[in-house]
Each structure stands twice: as structure tokens, then as C-alpha cells.
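Below: the structure, in C-alpha cells.
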Amino acid sequence: MTTKTTGAQAVMKSLVAEQVDTIFGYPGGAIMPIYDALYDYEDTIKHILVRHEQGATHAAQGYARTSGKTGVVFATSGPGATNLITGLADAMIDSTPLVCITGQVDSKLLGTDAFQETDVVGISMPITKWNTQVTRVEDIPAAIAKAFYIAKSGRPGPVLIDITKDAQFGEMEFQYEKCTTIRSYRPKPKLNKTLLEEAAILINKAKKPYLLIGQGIMLSNAEQELLNFVEKSGIPVASTLLGLGAFPNHHPLYAGYLGMHGDYAANIKTNECDVLVAIGMRFDDRVTGDVSRYAKQAKVIHVDIDAAELNKIINADVGIHADAKEALTLLTELVHQKEHSTWLQEFRDLKKVEVETLQKSTDEAFNDEIKMDEVIKMLSEITNGEAVVVTDVGQHQMLTARYYEYNKTKSNITSGGLGTMGFALPAAIGAKFGAPKKTVIAIIGDGGFQMTLQELGTILQSEVNIKIVILNNRFLGMVRQWQQMFFEKRYSFTNMVSPNFIALAQAYSISAKKVEYREELKESLLKMLNHKGSFLLEVMVAKEENVFPMITTGASVSEVRLN
Amino acid sequence: MKKTYTVSVFTENSIGMMNRVTIIFTRRHLNIDSITASESEVPGVFRYTIVLRTTKAQIEKVIGQLEKVIDVIKAFVHEENDIVHQEIALYKIRTETLTNGDVEKVIRKHHARVLTVDSQFMVIEKTGHVEETQLLFEKLRPYGVLEFARSGRVAVTKPMKELSAYLEEI
Ligand SMILES: Cc1ncc(C[n+]2csc(CCOP(=O)(O)OP(=O)(O)O)c2C)c(N)n1
Ligand SMILES: [Mg+2]
């Protein structure tokens with residue numbers, strides 16, 4: 001005999017069927033039945049009570065990115081639901097799998113401007129991979145099954161299910177069937193062998209082949225296949241911001257970080273290679289600079305699981321709609337064992353120019369003050385490039401991408417496509433729940449920290465152990481840099497007055513320390529890392545350090561500037 | 001170079017589908033000239049026919065984005081020469097104008113037909129390309145058109161297989 005299940009219980013049972021172990025959320029009227037059902041799952045499912053629903057989405061993103069699983073979010077209707085929007089947009093553009101469940105007013109009240117009624121399905125349509133509203137209790141399990149399938153398959157993304165309160169209260173006979181196919185959706189492309197053979201011919205003939213990788217490598221779990229391919233073909237590898245970590249940065253074939261604040265060699269060589277292989281990356285404008293002067297000399301091979309990315313920005317000579325792991329496996333069989341020592345030497349020569357030039361100009365400008373990049377370099381050294389590093393948005397983010405030596409996969413969590421300030425603190429909390437054994441370090445600017453600092457309360461309540469480094473330059477540094485370079489140093493509203501971060505942390509029972517002098521930097525970083533439990537370290541850094549190299553707007557990758 | 005393109009989109013019949021289809025155009029600042037939607041020959045599968053002027057590069061990206069929408073089964077783009085298309089227009093005029101023999105001539109000349117005649121008004125139907133339905137409108141206008149309504153374009157493709165093959169697959 002089957003017993004009746006309420007819609008709210010059906011939500012919980014469905015989540016259990018999807019092996020959900022962690023939920024980030026915030027209750028409210030329209031989702032109360034689900035929270036009531038959640039109360040019985042205290043032993044099996046961890047619910048992290050955030051301090052703002054945006055924090056729930058970013059935490060779920062951090063969780064998804066370190067664990068490789070789908071992040072789950074609960075929020076109530078109206079303001080709860082609208083607070084999810086930034087995180088949904090961020091997850092959408094950075095291909096992060098999320099299932100967000102929002103409560104909604106009773107179905108009879110839909111469209112009446114009822115209390116806390118918002119058309120969240122309408123609002124979130126362009127920023128979700130899929131969304132739906134459930135008004136009938138019997139539709140709940142199938143909607144959740146579909147949501148998990150869509151979020152994680154193909155190119156991952158966020159999904160939202162809006163469940164009316166009457167559907168949560170309704171009763172049904174619970175049955176769960178996992179979703180494995182949707183007729184209008186084909187997430188797994190068939191591998192086209194002929195195209196890969198064409199690609200291999202180009203690669204085998206190439207004198208100066210160059211490989212660009214993105215997050216797609218990690219999303220398809222193709223790290224080992226990538227390593228095999230690179231070591232056989234001898235092709236230097238550069239990474240996008242989100243791809244960092246997919247290939248060990250200490251590897252001799254690692255050629256650097258791409259884009260606006262990327263490495264000198266990595267950018268310049270894009271316009272000198274003869275065959276450009278791009279895998280699991282989407283030629284974002286921050287990577288390409290001026291597209292009309294991007295890799296024009298090269299034959300382009302582009303592999304992506306999202307067919308719409310092929311020929312979207314850069315026309316591919318060979319566009320391959322494929323899963324990175326499958327494509328790399330076959331490609332490795334097809335390419336010749338090679339070494340490209342002179343070509344590699346050219347990268348090293350440029351690297352030397354970069355290091356010397358940057359060193360010289362920063363040494364001259366900032367003798368006594370701590371610079372952001374030295375903090376990052378030191379942190380990288382102490383942690384062996386093996387920590388999970390979560391960054392916010394701004395100068396500190398770019399410098400971390402440049403100077404942290406990412407040697408482990410899924411260790412770089414940042415908001416790439418959307419550039420969401422306030423991302424790092426909640427994302428780091430989620431990242432730790434996704435990778436409990438790893439050291440998780442959030443690196444945040446003085447500006448961005450103040451966008452979501454209420455999540456210190458989440459740290460307090462959930463007793464999560466994360467390390468927070470605030471790089472305090474007393475400026476919205478990245479914007480200030482642009483004002484200096486392009487707006488005649490008119491520092492319009494970029495100076496930042498901050499509270500006493502140490503006292504603030506202490507108010508939340510989080511140990512904290514402020515570093516002002518270089519001599520205390522190393523011991524303070526060690527103290528932070530060795531501390532049991534969360535720790536906040538505020539490092540006072542030079543006010544007007546600039547991030548270089550830089551490809552200015554409209555410039556081509558070969559015009560990357562060192563100062 | 002901008003040209004007129006006809007986009008055919010086949011979708012599931014889910015709530016909000018029209019919105020999911022049109023926001024792809026909105027996001028690229030593309031103005032839709034006409035849109036029609038109704039069930040296709042396959043029960044439960046809807047067919048949208050969307051006409052707009054844009055560039056080839058832009059429309060190809062739009063097709064890619066449309067196909068990413070989960071409930072979109074398939075999207076195609078056609079140039080004017082690849083399709084046979086038609087629109088329908090209805091014209092309501094006063095019945096008394098018929099006593100003027102010129103109206104009858106206009107109706108005959110344009111191969112329009114009278115759908116219904118009432119003591120007060122009559123409804124004329126004309127199918128054709130937009131220029132043709134427009135021309136009839138201009139010709140009838142002097143006699144007083146009480147109401148005029150025109151559908152968006154419907155279109156089928158000239159190549160034999162393409163669409164039906166796709167629909168069979170599902
Ligand atoms: C939500 C949001 N608002 C505004 C911006 C624009 N923005 C980009 S970087 C930046 C400055 C960040 O300052 P801070 O957090 O102190 O980091 P810094 O650049 O100084 O390292 C701003 C305002 C943004 N990316 N996100
Ligand atoms: Mg700052």
C-alpha cells in the first residue's frame with residue numbers, strides 16, 4: 001500500500017533520489033511547506049542558512065564547481081526569488097549546474113499581484129538554461145527529475161522550478177523516475193570522426209601549434225585526456241580565466257593565462273601560431289581583444305559541446321561539436337608524437353621579458369608597500385598551488401589568476417563571464433562544502449567584500465572553515481586603474497572607506513588579523529592557514545598598483561602592454 | 001547586408017514558449033516583422049514562422065541560440081527563394097458599397113473572395129504575399145474599409161525533405 005505524500009515531501013524525496021546532500025537557502029511564506037518537510041531530513045541533508053538569497057546562489061555555485069555536482073538552492077517567492085537573479089545570471093554565463101527551487105503564491109492567486117507574487121519564471125527566462133512553474137502536485141517529481149538532468153548534462157547551467165503553495169500542500173502517490181532523455185534536447189553530440197581526422201592532419205602539419213583551453217575541460221572531466229594529448233603532441237597550452245586549474249601550471253608545456261590581463265607570451269603567440277586549437281572555451285571578448293585582428297594567420301580548430309559556440313565569435317576552419325573528453329581521446333590517437341622546442345623557447349623568451357619589465361616597474365613604484373601580487377605569490381608558494389582559491393572581481397582577481405600557480409583541477413572558483421562583485425565570500429562557503437578536505441581561500445577586494453559581507457553570519461552559524469584574505473587598497477581598484485589610464489585620473493567615486501574589518505570579523509566570532517608591513521606577511525599567512533576554523537586576514541596593499549600586462553579595449557592580442 | 005529571412009521553429013507545446021522564442025530576438029535587438037504560431041502536422045509540436053530583416057551572420061547565431069532552448073525541437077532559416085509563403089487578409093466593408101459596380105471589379109481583379117455578406121457589412125478574404133494584400137487594401141480604401149486584419153506569414157520549404165524528415169525523427 002502506498003501512503004500519500006505531500007508536494008513538499010515529494011520535493012524532499014525527489015532531492016534524495018538525486019543524491020542531494022547540501023542545500024543553500026532561505027525560508028519564507030511561499031516555501032514554508034517545503035521547509036517544513038526539510039525539517040525531517042536534518043540527518044541526511046545539510047541545509048546552509050545564508051544571509052541573503054544571492055549568497056545562496058553563489059554558495060551553490062562554489063559547491064558545484066568544487067564538487068562537480070549540481071548545486072541546490074531554496075528561496076521563497078517575491079523578494080526571495082528576485083534575490084536569486086544575479087546568481088542565476090552568473091551561473092548561466094559560467095555554465096554552472098544549479099537547481100533553484102522557489103516557492104510561489106497559491107495557483108489561484110497567480111496574476112493577481114498577490115502578496116510576494118513575482119513572475120520569477122518570466123524574469124529568469126533569459127538567464128536560466130530551463131525553468132518551469134509547477135502548479136499541480138503530481139507534476140513535482142517529473143519537474144525535479146528534468147531539472148537535474150538539464151542542469152548537469154551537455155553544457156551545464158542553472159535551472160529554476162517555481163512551485164505554487166497549493167502544489168506543495170497537495171497530496172500524491174510518490175514515484176520517482178530519473179530523467180535520462182528529452183526529445184527536444186540532445187546534450188550529447190555524436191563524435192564526428194572525419195572532422196577529428198581533419199583536425200589531426202592540421203595539427204600534425206603544424207610548425208607552431210597552440211592550444212587554448214577553457215572550463216569545458218573540467219566540466220567534461222577531461223583533465224587526464226588533456227594531459228595525454230598535450231604530452232604526445234607537444235603543443236603549448238594556455239588557459240582562459242575559468243580554465244585555470246584544468247592543466248597543471250607547473251607543467252613545462254603550460255604557456256600561461258589568456259586575455260586582457262593575461263600573460264604576455266600567451267597573448268602574443270595567439271597571433272603567431274599556425275594552428276590554433278581551442279577546446280571547451282568560447283572566445284570571450286576579454287580573451288580575444290579585437291576579433292578582426294585575432295589569430296587571422298592561423299587555421300582554427302574549435303571543439304565545444306555547445307554547437308552555438310562554434311563560429312559565434314571566431315570562424316573555425318574545423319568546428320567540432322563534441323564533448324571535450326571524447327574529442328581529446330580520439331585526437332590523442334590521431335596526432336603524432338612531437339616536440340616543438342624552438343616554438344616553446346619563443347614563449348620562454350617572452351616570459352622573461354614580461355617578468356623583467358614588470359619587476360622593474362613595480363620595484364620602482366612601490367618600495368615599501370605590500371603589493372597584491374606578492375601576497376598571491378607567497379600564498380601560492382605556501383600552499384603549493386594546491387588550495388581551492390576563490391576570487392572576487394577586480395584587480396585582486398586578475399592578479400590571483402596571474403600569480404597563483406593552479407596545479408589542481410576545480411581549484412579556481414571565480415565569476416568570469418558576469419564579473420559579479422560579492423561572489424567570493426558566499427562562493428567560498430559553498431566551495432568548502434563541496435570540497436571539505438581542501439583548504440579554501442577567498443581572495444577579495446575591500447569593495448567586493450562589502451557587497452556580501454553579511455555571509456559572515458553564515459560562516460558563524462554553519463561553522464564552516466574558510467580563509468578570507470581582503471586585499472585592501474582603499475579603492476575600487478580596477479575601476480580606478482581605468483580612470484587613471486583612460487579618464488585622466490579623474491577618480492570619480494572609486495575611493496573606498498571601509499569599516500574596521502577585524503572588529504567586524506570578531507563580531508561574528510571569526511578570528512582576524514590585519515597586516516600592514518611586509519615583515520609580518522608570511523607569518524600572518526601561515527597563521528591564517530594553520531588556524532583551526534575560519535580566519536580573516538586583511539592585508540593593506542599599495543593604493544595605486546596597476547594590473548599589467550593589459551590589452552586595452554579595441555586593441556589586438558599582439559598589442560598587449562607591459563606598462 | 002540585410003535581407004529578409006523566414007525562420008521556422010518547431011517546439012514543444014509548453015507554457016511560455018512564445019516568450020522563450022522571442023527573447024532570443026529581443027536580446028539581439030532584432031525586430032520581428034511577423035510571427036505566426038500553431039500546431040504542426042505532428043500533434044503537440046508547434047510551428048512558429050518568423051519573418052525579419054537581418055544579416056546572414058546574425059540570423060545564423062539566432063538559429064544556434066534558438067536550438068539551445070530546451071523545448072525547441074529544431075529551427076531552420078530560409079531565404080525568400082527557398083520557400084513558398086502566403087498570408088491571409090480580411091477586409092470588412094459596407095454592403096451598400098457593392099451597389100457601386102467598381103467594388104465588384106476590384107474583388108474580381110484581385111482574385112479575392114467574399115466570405116460573408118450581412119445586411120450591413122461584408123467580409124472579403126484575400127490570400128497572397130504582403131504586397132498583394134496591401135494593394136487590395138489600397139484599392140478598397142476609397143470605398144471605406146471598416147476593418148482590416150492581416151495574418152503573419154506561413155511558409156513551406158521548396159526542398160522535398162528537410163522539415164518532415166526532422167519531424168519523423170521525433
Ligand atoms: C556587482 C558589481 N558592481 C560593479 C562592478 C564593477 N567593478 C568591477 S571591478 C570593481 C572594483 C572592485 O573593487 P575591489 O573589490 O576593491 O577590488 P580591487 O579591484 O580593488 O582589487 C568594480 C566596481 C562589478 N564588477 N560588479
Ligand atoms: Mg579594492
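Chains: A, B, ... in order of the C-alpha cells. Residues: from 1 per chain. Ligands: from 1, in order shown.
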
Exercise for review: Select all residues from chain B having any atom no more than 6 Å from an atom of chain A (counting only C-alpha atoms, ignoring ligands), output as a ChimeraX atom specification.
Suggested key: /B:64,70-73

Report the closest atom pair, with its distance in Å rounded to one decimal, for each residue of range 314-409 of chain A that has an atom no farther than 7 Å from range 421-443 of chain A; count only C-alpha atoms, sort by chain and then rising residue number, and write it as a Markdown table.
| residue | atom | partner | partner_atom | distance |
| --- | --- | --- | --- | --- |
| A:Ala387 | CA | A:Thr439 | CA | 5.2 |
| A:Val388 | CA | A:Val440 | CA | 4.7 |
| A:Val389 | CA | A:Ile441 | CA | 5.0 |
| A:Val390 | CA | A:Ala442 | CA | 4.6 |
| A:Thr391 | CA | A:Ile443 | CA | 4.8 |
| A:Asp392 | CA | A:Ala424 | CA | 4.6 |
| A:Val393 | CA | A:Met421 | CA | 5.1 |

Written selection (N, CA and C atoms) as a PDB file, in the first residue's frame:
ATOM      1  N   ALA A 387      45.612  24.770  -3.065  1.00  0.00           N
ATOM      2  CA  ALA A 387      44.390  25.166  -2.360  1.00  0.00           C
ATOM      3  C   ALA A 387      43.283  25.456  -3.369  1.00  0.00           C
ATOM      4  N   VAL A 388      42.057  25.480  -2.873  1.00  0.00           N
ATOM      5  CA  VAL A 388      40.961  25.993  -3.695  1.00  0.00           C
ATOM      6  C   VAL A 388      40.947  27.498  -3.484  1.00  0.00           C
ATOM      7  N   VAL A 389      41.116  28.234  -4.565  1.00  0.00           N
ATOM      8  CA  VAL A 389      41.202  29.682  -4.450  1.00  0.00           C
ATOM      9  C   VAL A 389      39.961  30.311  -5.070  1.00  0.00           C
ATOM     10  N   VAL A 390      39.238  31.053  -4.260  1.00  0.00           N
ATOM     11  CA  VAL A 390      38.005  31.684  -4.721  1.00  0.00           C
ATOM     12  C   VAL A 390      38.274  33.178  -4.799  1.00  0.00           C
ATOM     13  N   THR A 391      38.035  33.777  -5.932  1.00  0.00           N
ATOM     14  CA  THR A 391      38.308  35.213  -6.028  1.00  0.00           C
ATOM     15  C   THR A 391      37.041  35.990  -6.316  1.00  0.00           C
ATOM     16  N   ASP A 392      37.082  37.259  -5.915  1.00  0.00           N
ATOM     17  CA  ASP A 392      36.002  38.176  -6.228  1.00  0.00           C
ATOM     18  C   ASP A 392      36.329  38.837  -7.572  1.00  0.00           C
ATOM     19  N   VAL A 393      35.917  40.076  -7.763  1.00  0.00           N
ATOM     20  CA  VAL A 393      36.108  40.685  -9.071  1.00  0.00           C
ATOM     21  C   VAL A 393      36.875  41.990  -8.938  1.00  0.00           C
TER      22      VAL A 393
END

Point to revise | At most 6 Å from ligand 2 (only C-alpha atoms and all ligand atoms): residue list as an MDAnalysis selection string | key: chainID A and resid 445:447 472:477

Filtering to N, CA and C atoms, could you give me those residues as a compact mmCIF listing (two decimals), in the first residue's frame?
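Output saved as result36.txt:
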# COMPACT_ATOMS: atom_id res chain seq x y z
N GLY A 445 38.50 41.88 -2.67
CA GLY A 445 38.85 43.29 -2.56
C GLY A 445 38.05 43.95 -1.45
N ASP A 446 38.52 45.12 -1.04
CA ASP A 446 37.80 45.85 0.01
C ASP A 446 36.41 46.25 -0.46
N GLY A 447 36.26 46.47 -1.76
CA GLY A 447 34.95 46.83 -2.29
C GLY A 447 34.02 45.63 -2.33
N ASN A 472 43.26 45.03 0.74
CA ASN A 472 42.66 46.36 0.90
C ASN A 472 43.54 47.44 0.29
N ASN A 473 43.12 47.93 -0.85
CA ASN A 473 43.84 49.04 -1.49
C ASN A 473 43.08 50.35 -1.34
N ARG A 474 42.03 50.33 -0.54
CA ARG A 474 41.21 51.51 -0.26
C ARG A 474 40.65 52.14 -1.54
N PHE A 475 40.46 51.30 -2.53
CA PHE A 475 39.93 51.76 -3.82
C PHE A 475 39.12 50.65 -4.46
N LEU A 476 38.18 51.03 -5.30
CA LEU A 476 37.62 50.11 -6.28
C LEU A 476 38.69 50.05 -7.36
N GLY A 477 39.68 49.25 -7.08
CA GLY A 477 40.96 49.33 -7.78
C GLY A 477 40.86 49.19 -9.29

May I have the residues within 12 Å of range 119-135 of chain B as an mmCIF file with C-alpha atoms, in the first residue's frame, using only C-alpha atoms and disregarding those fewer than 3 positions away in the same chain?
data_model
loop_
_atom_site.group_PDB
_atom_site.id
_atom_site.type_symbol
_atom_site.label_atom_id
_atom_site.label_comp_id
_atom_site.auth_asym_id
_atom_site.auth_seq_id
_atom_site.Cartn_x
_atom_site.Cartn_y
_atom_site.Cartn_z
ATOM 1 C CA ASP B 33 8.208 41.694 -38.894
ATOM 2 C CA SER B 34 5.682 38.942 -38.454
ATOM 3 C CA VAL B 51 9.902 36.871 -40.624
ATOM 4 C CA GLU B 80 12.947 34.141 -49.859
ATOM 5 C CA VAL B 84 6.585 29.179 -50.771
ATOM 6 C CA HIS B 85 4.804 31.532 -48.455
ATOM 7 C CA GLN B 86 1.423 33.091 -48.048
ATOM 8 C CA GLU B 87 -0.513 35.476 -45.884
ATOM 9 C CA ILE B 88 -4.191 36.000 -45.454
ATOM 10 C CA ALA B 89 -6.029 39.309 -45.109
ATOM 11 C CA LEU B 90 -9.637 40.078 -44.221
ATOM 12 C CA TYR B 91 -11.368 43.307 -45.239
ATOM 13 C CA LYS B 92 -14.695 44.426 -43.824
ATOM 14 C CA ILE B 93 -16.597 46.890 -45.983
ATOM 15 C CA ARG B 94 -20.152 48.228 -46.078
ATOM 16 C CA THR B 95 -22.507 46.037 -48.070
ATOM 17 C CA GLU B 96 -24.041 49.074 -49.728
ATOM 18 C CA THR B 97 -20.744 49.837 -51.464
ATOM 19 C CA LEU B 98 -21.344 46.726 -53.552
ATOM 20 C CA VAL B 103 -16.036 47.202 -55.980
ATOM 21 C CA GLU B 104 -17.003 44.013 -57.736
ATOM 22 C CA VAL B 106 -11.720 45.216 -57.692
ATOM 23 C CA ILE B 107 -12.652 41.942 -55.989
ATOM 24 C CA ARG B 108 -12.515 40.040 -59.258
ATOM 25 C CA LYS B 109 -9.301 41.611 -60.420
ATOM 26 C CA HIS B 110 -7.533 40.715 -57.186
ATOM 27 C CA HIS B 111 -8.920 37.204 -57.017
ATOM 28 C CA ALA B 112 -10.338 37.920 -53.608
ATOM 29 C CA ARG B 113 -13.432 36.189 -52.364
ATOM 30 C CA VAL B 114 -16.399 37.208 -50.365
ATOM 31 C CA LEU B 115 -16.601 35.252 -47.129
ATOM 32 C CA THR B 116 -19.877 36.543 -45.820
ATOM 33 C CA GLU B 138 -5.286 50.438 -51.121
ATOM 34 C CA LYS B 139 -7.852 49.706 -53.825
ATOM 35 C CA LEU B 140 -10.683 49.181 -51.365
ATOM 36 C CA ARG B 141 -9.829 52.101 -49.192
ATOM 37 C CA GLY B 144 -14.311 52.707 -46.940
ATOM 38 C CA VAL B 145 -12.691 49.751 -45.186
ATOM 39 C CA LEU B 146 -14.315 49.303 -41.784
ATOM 40 C CA GLU B 147 -11.757 46.821 -40.549
ATOM 41 C CA PHE B 148 -8.646 45.214 -41.935
ATOM 42 C CA ALA B 149 -6.672 42.329 -40.448
ATOM 43 C CA ARG B 150 -3.691 40.540 -41.866
ATOM 44 C CA SER B 151 -2.016 37.353 -40.640
ATOM 45 C CA GLY B 152 1.680 36.824 -40.426
ATOM 46 C CA ARG B 153 3.398 34.683 -42.972
ATOM 47 C CA VAL B 154 3.069 30.929 -43.177
ATOM 48 C CA ALA B 155 5.611 29.130 -45.290
#

Exercise for review: Name the residues of range 118-338 of chain A that come out as strand (DSSP E or B) in a backbone DSSP run; write them as a ChimeraX atom specification.
Suggested key: /A:130-134,158-164,171-173,182,185,209-213,237-239,254-257,275-279,289,299-304,318-321
